[in-house]
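Data block for query.txt (compact mmCIF, C-alpha atoms):
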# COMPACT_ATOMS: atom_id res chain seq x y z
CA MET A 355 -5.65 5.98 -20.76
CA LEU A 356 -1.89 5.51 -20.42
CA LYS A 357 -1.16 9.01 -21.58
CA HIS A 358 2.44 9.34 -20.37
CA ARG A 359 3.70 5.77 -20.67
CA ASN A 360 6.14 6.78 -23.42
CA ASP A 361 7.25 9.97 -21.70
CA ALA A 362 11.01 10.52 -21.93
CA ALA A 363 11.28 10.33 -18.13
CA CYS A 364 9.68 6.86 -17.96
CA PRO A 365 12.06 3.85 -17.79
CA GLY A 366 9.43 1.76 -19.58
CA LYS A 367 9.03 4.16 -22.50
CA ASN A 368 8.20 2.47 -25.84
CA PHE A 369 7.98 -0.97 -24.18
CA TYR A 370 4.30 -1.42 -23.36
CA THR A 371 2.34 -1.50 -26.60
CA TYR A 372 -1.34 -1.93 -27.40
CA ASN A 373 -0.52 -4.79 -29.78
CA ALA A 374 1.37 -6.67 -27.06
CA PHE A 375 -1.56 -6.21 -24.68
CA ILE A 376 -4.03 -7.56 -27.24
CA ALA A 377 -1.78 -10.49 -28.18
CA ALA A 378 -1.45 -11.45 -24.52
CA ALA A 379 -5.15 -10.95 -23.80
CA ASN A 380 -6.09 -13.22 -26.69
CA SER A 381 -4.19 -16.07 -25.03
CA PHE A 382 -6.34 -15.91 -21.87
CA SER A 383 -9.88 -17.02 -22.64
CA GLY A 384 -12.51 -14.97 -20.86
CA PHE A 385 -10.44 -11.88 -20.08
CA GLY A 386 -12.46 -8.81 -21.04
CA THR A 387 -15.05 -11.00 -22.77
CA THR A 388 -17.03 -12.35 -19.79
CA GLY A 389 -20.49 -11.03 -18.90
CA ASP A 390 -22.31 -8.05 -20.34
CA THR A 391 -20.57 -5.08 -21.93
CA ASP A 392 -20.41 -3.10 -18.69
CA THR A 393 -18.82 -6.07 -16.88
CA GLN A 394 -16.26 -6.44 -19.65
CA LYS A 395 -15.38 -2.75 -19.49
CA ARG A 396 -15.17 -2.83 -15.70
CA GLU A 397 -12.77 -5.79 -15.74
CA ILE A 398 -10.47 -4.09 -18.25
CA ALA A 399 -10.61 -0.85 -16.24
CA ALA A 400 -9.73 -2.78 -13.08
CA PHE A 401 -6.84 -4.63 -14.74
CA LEU A 402 -5.37 -1.45 -16.21
CA ALA A 403 -5.90 0.40 -12.92
CA GLN A 404 -4.14 -2.16 -10.73
CA THR A 405 -1.25 -2.49 -13.17
CA SER A 406 -1.05 1.28 -13.58
CA HIS A 407 -0.65 1.63 -9.82
CA GLU A 408 2.11 -0.98 -9.85
CA THR A 409 3.98 0.88 -12.61
CA THR A 410 2.99 4.49 -11.96
CA GLY A 411 5.27 7.42 -12.52
CA GLY A 412 2.66 9.87 -11.28
CA TRP A 413 2.68 12.25 -8.33
CA SER A 414 0.04 14.53 -6.82
CA THR A 415 0.77 17.53 -9.04
CA ALA A 416 1.82 15.62 -12.16
CA PRO A 417 0.79 16.98 -15.57
CA ASP A 418 -2.71 15.68 -16.42
CA GLY A 419 -3.01 14.44 -12.83
CA PRO A 420 -1.52 11.49 -10.93
CA TYR A 421 -3.66 8.91 -12.74
CA ALA A 422 -2.37 9.65 -16.26
CA TRP A 423 1.04 8.12 -15.54
CA GLY A 424 0.41 4.38 -15.53
CA TYR A 425 2.90 2.01 -17.21
CA CYS A 426 5.86 4.32 -16.66
CA PHE A 427 8.08 1.79 -14.86
CA LEU A 428 9.22 -1.66 -15.95
CA ARG A 429 11.56 -3.09 -13.31
CA GLU A 430 11.23 -2.69 -9.54
CA ASN A 431 13.51 0.16 -8.48
CA ASN A 432 14.94 0.04 -12.00
CA GLY A 433 16.48 -3.36 -11.28
CA ASN A 434 18.18 -2.34 -8.05
CA ALA A 435 16.16 -4.78 -5.98
CA GLY A 436 16.64 -7.96 -3.99
CA ASP A 437 16.62 -11.47 -5.39
CA TYR A 438 13.15 -12.38 -4.03
CA CYS A 439 14.16 -16.01 -3.72
CA VAL A 440 12.51 -18.34 -1.21
CA GLN A 441 13.28 -22.02 -0.74
CA SER A 442 11.14 -24.10 -3.09
CA SER A 443 11.61 -27.65 -4.35
CA GLN A 444 8.94 -27.12 -7.00
CA TYR A 445 10.20 -23.76 -8.27
CA PRO A 446 13.87 -23.57 -7.30
CA CYS A 447 15.77 -20.37 -7.87
CA VAL A 448 18.39 -20.36 -10.61
CA SER A 449 21.83 -19.17 -9.58
CA GLY A 450 22.47 -15.58 -10.57
CA GLN A 451 18.83 -14.75 -11.28
CA LYS A 452 16.68 -12.25 -9.41
CA TYR A 453 12.92 -12.47 -9.11
CA TYR A 454 12.09 -8.88 -8.23
CA GLY A 455 9.04 -7.12 -9.64
CA ARG A 456 8.80 -6.78 -13.40
CA GLY A 457 6.11 -5.86 -15.90
CA PRO A 458 2.56 -4.55 -15.48
CA ILE A 459 1.70 -6.48 -12.30
CA GLN A 460 5.31 -6.41 -11.03
CA ILE A 461 5.35 -10.20 -10.71
CA SER A 462 7.84 -11.20 -8.03
CA TYR A 463 9.33 -14.24 -6.24
CA ASN A 464 10.38 -17.56 -7.77
CA TYR A 465 7.11 -19.16 -6.63
CA ASN A 466 5.27 -16.84 -9.06
CA TYR A 467 7.78 -16.76 -11.91
CA GLY A 468 7.85 -20.58 -11.95
CA PRO A 469 4.17 -21.40 -12.42
CA CYS A 470 3.64 -18.33 -14.59
CA GLY A 471 6.37 -19.50 -16.95
CA GLN A 472 4.86 -22.98 -17.10
CA ALA A 473 1.46 -21.54 -17.95
CA ILE A 474 2.71 -19.33 -20.78
CA GLY A 475 5.37 -21.68 -22.14
CA GLN A 476 8.47 -19.77 -21.04
CA ASN A 477 11.21 -20.73 -18.58
CA LEU A 478 10.98 -17.65 -16.41
CA LEU A 479 12.99 -19.20 -13.59
CA SER A 480 16.02 -19.30 -15.88
CA ASN A 481 15.22 -16.03 -17.61
CA PRO A 482 13.01 -13.83 -15.42
CA ASP A 483 14.10 -10.70 -17.28
CA LEU A 484 12.08 -11.90 -20.28
CA VAL A 485 9.19 -10.20 -18.45
CA ALA A 486 11.05 -6.91 -18.91
CA THR A 487 12.35 -7.47 -22.45
CA ASP A 488 9.44 -9.11 -24.32
CA ALA A 489 6.29 -6.97 -24.13
CA THR A 490 3.87 -9.80 -24.93
CA VAL A 491 5.43 -12.03 -22.27
CA SER A 492 5.27 -9.08 -19.89
CA PHE A 493 1.53 -8.63 -20.39
CA LYS A 494 1.04 -12.40 -20.21
CA SER A 495 2.68 -12.44 -16.77
CA ALA A 496 0.18 -9.86 -15.54
CA LEU A 497 -2.77 -11.64 -17.12
CA TRP A 498 -1.64 -14.98 -15.68
CA PHE A 499 -1.71 -13.45 -12.20
CA TRP A 500 -5.07 -11.82 -12.94
CA MET A 501 -6.76 -14.96 -14.25
CA THR A 502 -5.31 -17.57 -11.89
CA PRO A 503 -6.80 -18.28 -8.45
CA GLN A 504 -4.23 -18.98 -5.73
CA SER A 505 -6.06 -20.58 -2.82
CA PRO A 506 -7.51 -19.26 -0.59
CA LYS A 507 -7.68 -16.28 -2.95
CA PRO A 508 -10.05 -16.24 -5.91
CA SER A 509 -8.79 -14.86 -9.21
CA CYS A 510 -9.07 -11.13 -9.84
CA HIS A 511 -11.00 -12.11 -12.99
CA ALA A 512 -13.62 -14.02 -10.99
CA VAL A 513 -14.12 -11.08 -8.63
CA MET A 514 -14.53 -8.47 -11.37
CA THR A 515 -16.89 -10.64 -13.44
CA GLY A 516 -19.17 -11.53 -10.54
CA GLN A 517 -18.20 -15.20 -10.54
CA TRP A 518 -16.86 -15.15 -6.97
CA THR A 519 -19.18 -15.71 -4.03
CA PRO A 520 -17.66 -14.84 -0.65
CA SER A 521 -17.67 -17.58 1.97
CA ALA A 522 -18.83 -17.02 5.51
CA ALA A 523 -15.19 -16.48 6.47
CA ASP A 524 -14.81 -13.92 3.68
CA GLN A 525 -17.91 -12.06 4.79
CA SER A 526 -16.81 -11.97 8.42
CA ALA A 527 -13.45 -10.60 7.24
CA GLY A 528 -15.22 -7.84 5.31
CA ARG A 529 -14.33 -9.27 1.92
CA LEU A 530 -17.33 -8.45 -0.25
CA PRO A 531 -17.54 -8.45 -4.07
CA GLY A 532 -16.00 -5.41 -5.72
CA TYR A 533 -12.76 -3.76 -6.73
CA GLY A 534 -11.49 -3.68 -3.14
CA VAL A 535 -11.13 -7.47 -3.06
CA VAL A 536 -8.86 -7.28 -6.11
CA THR A 537 -6.53 -5.00 -4.16
CA ASP A 538 -6.72 -7.50 -1.29
CA ILE A 539 -5.69 -10.31 -3.67
CA ILE A 540 -2.76 -8.34 -5.07
CA ASN A 541 -1.31 -6.70 -1.96
CA GLY A 542 -3.73 -7.15 0.93
CA GLY A 543 -1.10 -8.10 3.47
CA ILE A 544 0.45 -4.67 3.21
CA GLU A 545 -2.44 -2.41 2.23
CA CYS A 546 -5.74 -3.85 3.51
CA GLY A 547 -7.47 -3.82 6.87
CA LYS A 548 -5.44 -0.84 8.04
CA GLY A 549 -7.88 1.99 7.45
CA SER A 550 -7.54 4.68 4.81
CA ASN A 551 -4.14 4.79 3.08
CA ALA A 552 -2.58 6.39 0.03
CA ALA A 553 -1.73 3.17 -1.83
CA VAL A 554 -5.33 1.90 -1.87
CA ALA A 555 -6.58 5.39 -2.75
CA ASP A 556 -4.16 5.48 -5.71
CA ARG A 557 -5.49 2.16 -7.01
CA ILE A 558 -9.03 3.51 -6.74
CA GLY A 559 -8.08 6.76 -8.46
CA PHE A 560 -6.81 4.92 -11.53
CA TYR A 561 -9.89 2.68 -11.56
CA LYS A 562 -12.33 5.58 -11.44
CA ARG A 563 -10.49 7.41 -14.22
CA TYR A 564 -10.57 4.39 -16.52
CA CYS A 565 -14.21 3.61 -15.73
CA ASP A 566 -15.05 7.23 -16.55
CA ILE A 567 -13.20 6.98 -19.87
CA LEU A 568 -15.07 3.75 -20.70
CA GLY A 569 -18.39 5.21 -19.54
CA VAL A 570 -19.16 2.56 -16.92
CA SER A 571 -20.13 2.71 -13.23
CA TYR A 572 -17.63 1.69 -10.55
CA GLY A 573 -19.64 -0.96 -8.71
CA ASN A 574 -19.56 -1.41 -4.93
CA ASN A 575 -16.84 -1.94 -2.29
CA LEU A 576 -14.00 -0.09 -4.00
CA ASP A 577 -11.60 0.02 -1.04
CA CYS A 578 -10.20 -2.62 1.30
CA TYR A 579 -9.70 -0.32 4.29
CA ASN A 580 -11.77 -2.58 6.53
CA MET A 581 -11.08 -5.90 4.75
CA GLN A 582 -8.76 -8.44 6.32
CA PRO A 583 -6.01 -9.92 4.12
CA PHE A 584 -6.65 -13.43 2.79
CA SER A 585 -3.65 -14.96 4.54
Structure re-expressed in structure tokens:
Amino acid sequence: MLKHRNDAACPGKNFYTYNAFIAAANSFSGFGTTGDTDTQKREIAAFLAQTSHETTGGWSTAPDGPYAWGYCFLRENNGNAGDYCVQSSQYPCVSGQKYYGRGPIQISYNYNYGPCGQAIGQNLLSNPDLVATDATVSFKSALWFWMTPQSPKPSCHAVMTGQWTPSAADQSAGRLPGYGVVTDIINGGIECGKGSNAAVADRIGFYKRYCDILGVSYGNNLDCYNMQPFS
């Protein structure tokens, strides 16, 4: 699935391991174990697809295709990124630390590092780079984001396991159950409701490849081209 993650050209080579993924997954009850076998496979395919897009090293003519290059990158722009600090009394930034994207979901901003760290028992405000140096913590950061609803957004987990029912407002905004809503949760403000675009198509490409490998159908509403962002 992640055929080139340890390619010599990938900054994240030898970091993301199967054992770290399993160790992290085992600490989030319900992930990949909810519903029937097809639902479980579809959730795992969706998680790996979204995180593969966030960390991809692929390009249109890449060896084995653009969707064989997930989990190539580890730090946003290889660490040459902004501090992603916003004023917060609950999750204040620590002097000298930067909260740019790291790990499978590219978790960013102090208001995500803070509650994520609390949930997994790590002080990520003081040491955000733990997400890029400890593989289990890295996967836990992605699974925390995946499993945790942040109102008005449901969790990605709830969407992919059929536990989310769209409200009237959701329906009028075009947000219907399926993989497209997961993209809306993760990056809807930038990618959704703007018609066809390459970023959403890339997320779908990974998802279809992983579903094919796992031998499961894709479900409905794969894109968010006509979905409004949650916020």
**OP:** Return the single residue from A:Pro531, A:Pro583, A:Gly384, A:Gly542 that is closest to Trp518 in chain A, with distances computed using all atoms listed in the file.
**Re:**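 Between A:Pro531, A:Pro583, A:Gly384, A:Gly542, the residue approaching Trp518 in chain A most closely is A:Pro531.
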Subject >> Residue nearest Gly532 in chain A among A:Thr502, A:Thr391, A:Asn575, A:Thr519 (counting all atoms listed in the file) >> reply: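 The answer is A:Asn575, which sits nearest to Gly532 in chain A.
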Tell me which protein, DNA and RNA residues are within 9 Å of Tyr463 in chain A, counting only C-alpha atoms, leaving out same-chain ones fewer than 5 positions away, and put them as a PDB file with C-alpha atoms, in the frame of the given file.
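New file selection-v2.pdb:
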ATOM      1  CA  ASP A 437      16.620 -11.470  -5.390  1.00  0.00           C
ATOM      2  CA  TYR A 438      13.150 -12.380  -4.030  1.00  0.00           C
ATOM      3  CA  CYS A 439      14.160 -16.010  -3.720  1.00  0.00           C
ATOM      4  CA  VAL A 440      12.510 -18.340  -1.210  1.00  0.00           C
ATOM      5  CA  LYS A 452      16.680 -12.250  -9.410  1.00  0.00           C
ATOM      6  CA  TYR A 453      12.920 -12.470  -9.110  1.00  0.00           C
ATOM      7  CA  TYR A 454      12.090  -8.880  -8.230  1.00  0.00           C
ATOM      8  CA  GLY A 455       9.040  -7.120  -9.640  1.00  0.00           C
ATOM      9  CA  GLY A 468       7.850 -20.580 -11.950  1.00  0.00           C
TER      10      GLY A 468
END
Original post:
What is the CA of Asp390 in chain A-CA of Leu497 in chain A distance in Å, reported with one decimal?
Top reply: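 Here the two named atoms are 20.1 Å from each other.
You can rank A:Thr405, A:Gln476, A:Asn466, A:Ser492 by their closest distance to Ala377 in chain A using all atoms listed in the file, and at the top of that list sits A:Ser492.
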Subject >> Long-range neighbours of Ile567 in chain A as a VMD selection string, 12 Å cut-off, all atoms listed in the file, 2 positions minimum in chain >> reply: chain A and resid 355 to 356 395 to 396 398 to 399 422 560 to 565 569 to 572
Subject >> Neighbour list for Gln451 in chain A as a ChimeraX atom specification, cut-off 9 Å, all atoms listed in the file, skip fewer than 5 positions in-chain >> reply: /A:437,439,479-483
**OP:** Find the residues around range 415-417 of chain A up to 12 Å (only C-alpha atoms counted), leave out those fewer than 4 positions away in its own chain, and share them as a VMD selection string.
**Re:** chain A and resid 357 to 358 361 410 to 411 421 to 424
Subject >> Nearby residues (only C-alpha atoms) at most 10 Å from Pro365 in chain A, same-chain spacing under 4 positions excluded, as a ChimeraX atom specification >> reply: /A:359-361,369,411,425-429,432
**OP:** Mind giving me the straight-line distance from CA of Ser414 in chain A to CA of Ala363 in chain A in Å, one decimal?
**Re:** 16.5 Å
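Remark: for Asn373 in chain A, the closest of the candidate residues A:Thr409, A:Thr490, A:Thr515, A:Ser505 is A:Thr490 (distances computed over all atoms listed in the file).
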**OP:** Name the closest residue to Leu402 in chain A among the candidates A:Gly547, A:Pro420, A:Pro458, A:Gly559; distances are taken between atoms, counting all atoms listed in the file.
**Re:**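 The shortest atom-to-atom distance to Leu402 in chain A comes from A:Pro458.
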**OP:** Choose the residue, out of A:Phe584, A:Leu478, A:Tyr467, A:Asp556, that has the smallest atom-to-atom separation from Gly419 in chain A; count only C-alpha atoms.
**Re:**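 Answer, going by the shortest atom-to-atom distance: A:Asp556.
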